[in-house]
Amino acid sequence: MNTQAADAAIGDAKAVATPGPVRLKKTNGKRVRRHYLLADEDIILAVNGTPWNRIASVTEAITRVLDRGKRPVLLTVYRDQKLFSLFVNDPIDCQIEILPIEEAQNLPHEGIARPVSEIRGLSNFAVFADTVNEADIFEMRMAFLAMAFPPFWLVARRLWAALVSLVCVVLTAFVLDTIFGILVYLILCVYISRRQLPLFELAMRSEGKQKRMVLAASGEGEAQRLALSFYKVLKFKFPLPETVQSDPEEVSVV
């Protein structure tokens, strides 16, 4: 009886999820690589601002939160001894390795926990660059401007080919019939609104740029700084102004 009880206890212990950060393995061909550019050896340290040491299972927590509704989940990722975050809409579909506590203790602990109010102010940004590191960045949030005024959105995103196509199609439709032209314009408004990210990715590919990274930030400035911390050679089309640092000797004592 004692042996059976011991075996049952061992079985129950194995069934309980082991807490710990998870390292991603064999990401090639998986959603985490195709959609979010997560890679082998990336380590997930937190889910929606909750550190791994307060979660029974990181992967189960991701799935459980996604099952509750349509809101994405913010992952805090450790890569190349640096931290970044990104939102995901899918469970982790690659192999994982749960790090032992001894190894996890050596990972960063500061800056992992984040309040909900801060997370709600973040959105994903996609970073694109070509072979000579000319870079551009795109906020992956649906823009109302793209639906209400597609030409202005296309100008703002510098999607010149799509803008020319839109103008030609709409003008041709108006020449044929005014009502038909209005109908075509409204259909294109809906189409461009729904296809914002694919349109931008198509424009980037036509310029020879590939997606390098997906990360969450409160604005384009923060996204650029984060991207540059991983890829120092990137040259953004609209770089941020450098922070002005004053010389202490220039400040007079009053």
# chains A, B, ... in the order shown; residues from 1 in each chain; ligands from 1
$ residues_around --residues "region 55-70 of chain A" --least-positions-apart "2" --cutoff "6 Å" --atoms "only C-alpha atoms" --output "ChimeraX atom specification"
/A:17,19,52-53,91
$ residues_around --residues "Leu99 (chain A)" --least-positions-apart "2" --cutoff "12 Å" --atoms "only C-alpha atoms" --output "tab-separated table (two decimals) with C-alpha atoms, in the first residue's frame"
chain	number	residue	atom	x	y	z
A	18	THR	CA	6.82	23.14	-13.28
A	19	PRO	CA	7.33	26.88	-12.78
A	20	GLY	CA	10.21	28.54	-14.55
A	21	PRO	CA	11.09	30.68	-17.57
A	22	VAL	CA	10.94	28.85	-20.89
A	23	ARG	CA	13.55	28.73	-23.65
A	24	LEU	CA	12.25	28.36	-27.21
A	41	GLU	CA	17.26	30.42	-27.44
A	42	ASP	CA	14.81	33.26	-26.76
A	43	ILE	CA	13.66	33.04	-23.13
A	44	ILE	CA	10.19	34.12	-22.00
A	45	LEU	CA	10.43	35.68	-18.54
A	52	TRP	CA	7.76	33.62	-14.26
A	53	ASN	CA	8.24	33.02	-10.51
A	57	SER	CA	3.47	27.41	-16.12
A	58	VAL	CA	4.41	30.14	-18.62
A	96	ILE	CA	10.25	24.63	-25.18
A	97	GLU	CA	12.70	23.96	-22.40
A	101	ILE	CA	15.66	27.33	-10.91
A	102	GLU	CA	19.45	27.47	-10.59
A	103	GLU	CA	19.82	28.81	-14.13
A	104	ALA	CA	16.77	31.05	-13.86
A	105	GLN	CA	18.21	32.87	-10.85
A	106	ASN	CA	20.94	34.31	-13.11
A	107	LEU	CA	18.41	35.92	-15.45
$ closest_residue --among "A:Leu75, A:Val132, A:Cys94, A:Val155" --to "Ile119 (chain A)" --atoms "only C-alpha atoms"
A:Leu75
$ select_by_dssp --residues "region 139-254 of chain A" --states "strand (DSSP E or B)" --output "PDB file with N, CA and C atoms, in the first residue's frame"
ATOM      1  N   GLU A 139       3.827  50.763 -37.035  1.00  0.00           N
ATOM      2  CA  GLU A 139       3.002  50.373 -35.885  1.00  0.00           C
ATOM      3  C   GLU A 139       1.924  49.409 -36.356  1.00  0.00           C
ATOM      4  N   GLN A 210      13.307  43.498 -45.427  1.00  0.00           N
ATOM      5  CA  GLN A 210      12.714  42.347 -44.769  1.00  0.00           C
ATOM      6  C   GLN A 210      12.453  42.671 -43.303  1.00  0.00           C
ATOM      7  N   LYS A 211      11.456  41.986 -42.741  1.00  0.00           N
ATOM      8  CA  LYS A 211      11.139  42.213 -41.333  1.00  0.00           C
ATOM      9  C   LYS A 211      12.263  41.662 -40.460  1.00  0.00           C
ATOM     10  N   ARG A 212      12.790  42.491 -39.587  1.00  0.00           N
ATOM     11  CA  ARG A 212      13.899  42.092 -38.719  1.00  0.00           C
ATOM     12  C   ARG A 212      13.442  41.769 -37.299  1.00  0.00           C
ATOM     13  N   MET A 213      12.399  42.471 -36.831  1.00  0.00           N
ATOM     14  CA  MET A 213      12.039  42.322 -35.426  1.00  0.00           C
ATOM     15  C   MET A 213      10.623  42.824 -35.207  1.00  0.00           C
ATOM     16  N   VAL A 214       9.933  42.207 -34.259  1.00  0.00           N
ATOM     17  CA  VAL A 214       8.645  42.695 -33.790  1.00  0.00           C
ATOM     18  C   VAL A 214       8.780  42.963 -32.301  1.00  0.00           C
ATOM     19  N   LEU A 215       8.388  44.157 -31.872  1.00  0.00           N
ATOM     20  CA  LEU A 215       8.524  44.510 -30.454  1.00  0.00           C
ATOM     21  C   LEU A 215       7.410  45.450 -30.043  1.00  0.00           C
ATOM     22  N   ALA A 216       7.121  45.455 -28.746  1.00  0.00           N
ATOM     23  CA  ALA A 216       6.081  46.315 -28.200  1.00  0.00           C
ATOM     24  C   ALA A 216       6.716  47.553 -27.583  1.00  0.00           C
ATOM     25  N   ALA A 217       6.097  48.704 -27.844  1.00  0.00           N
ATOM     26  CA  ALA A 217       6.601  49.962 -27.303  1.00  0.00           C
ATOM     27  C   ALA A 217       5.443  50.935 -27.174  1.00  0.00           C
ATOM     28  N   LYS A 235      19.765  52.109 -39.889  1.00  0.00           N
ATOM     29  CA  LYS A 235      19.674  53.536 -40.225  1.00  0.00           C
ATOM     30  C   LYS A 235      18.234  53.825 -40.618  1.00  0.00           C
ATOM     31  N   PHE A 236      17.480  54.376 -39.687  1.00  0.00           N
ATOM     32  CA  PHE A 236      16.068  54.616 -39.931  1.00  0.00           C
ATOM     33  C   PHE A 236      15.870  55.793 -40.872  1.00  0.00           C
TER      34      PHE A 236
END
$ select_by_dssp --residues "region 1-248 of chain A" --states "helix (DSSP H, G or I)" --output "JSON, numbers by chain"
{"A": [2, 3, 4, 5, 6, 7, 8, 9, 10, 11, 12, 13, 14, 15, 31, 32, 33, 34, 52, 53, 54, 58, 59, 60, 61, 62, 63, 64, 65, 66, 67, 68, 101, 102, 103, 104, 116, 117, 118, 119, 144, 145, 146, 147, 148, 150, 151, 152, 153, 154, 155, 156, 160, 161, 162, 163, 164, 165, 166, 167, 168, 169, 170, 171, 172, 173, 174, 175, 176, 178, 179, 180, 181, 182, 183, 184, 185, 186, 187, 188, 189, 190, 191, 192, 193, 194, 196, 197, 198, 199, 200, 201, 202, 203, 204, 205, 206, 220, 221, 222, 223, 224, 225, 226, 227, 228, 229, 230, 248]}
$ closest_residue --among "A:His35, A:Ile137, A:Arg120, A:Thr27" --to "Arg71 (chain A)" --atoms "only C-alpha atoms"
A:Arg120
$ closest_residue --among "A:Leu226, A:Leu197, A:Leu122, A:Ala161" --to "Met140 (chain A)" --atoms "only C-alpha atoms"
A:Leu197
$ closest_residue --among "A:Met204, A:Leu176, A:Val184, A:Ala126" --to "Leu37 (chain A)" --atoms "only C-alpha atoms"
A:Ala126
$ closest_residue --among "A:Leu228, A:Met142, A:Ala148, A:Ala173" --to "Pro198 (chain A)" --atoms "only C-alpha atoms"
A:Met142
$ closest_residue --among "A:Gln196, A:Asn124, A:Thr131, A:Thr172" --to "Phe84 (chain A)" --atoms "only C-alpha atoms"
A:Asn124
$ residues_around --residues "Asn48 (chain A)" --least-positions-apart "5" --cutoff "8 Å" --atoms "only C-alpha atoms" --output "list of chain:residue names"
A:Val73, A:Leu74, A:Leu75, A:Thr76, A:Arg114, A:Val116, A:Ile119
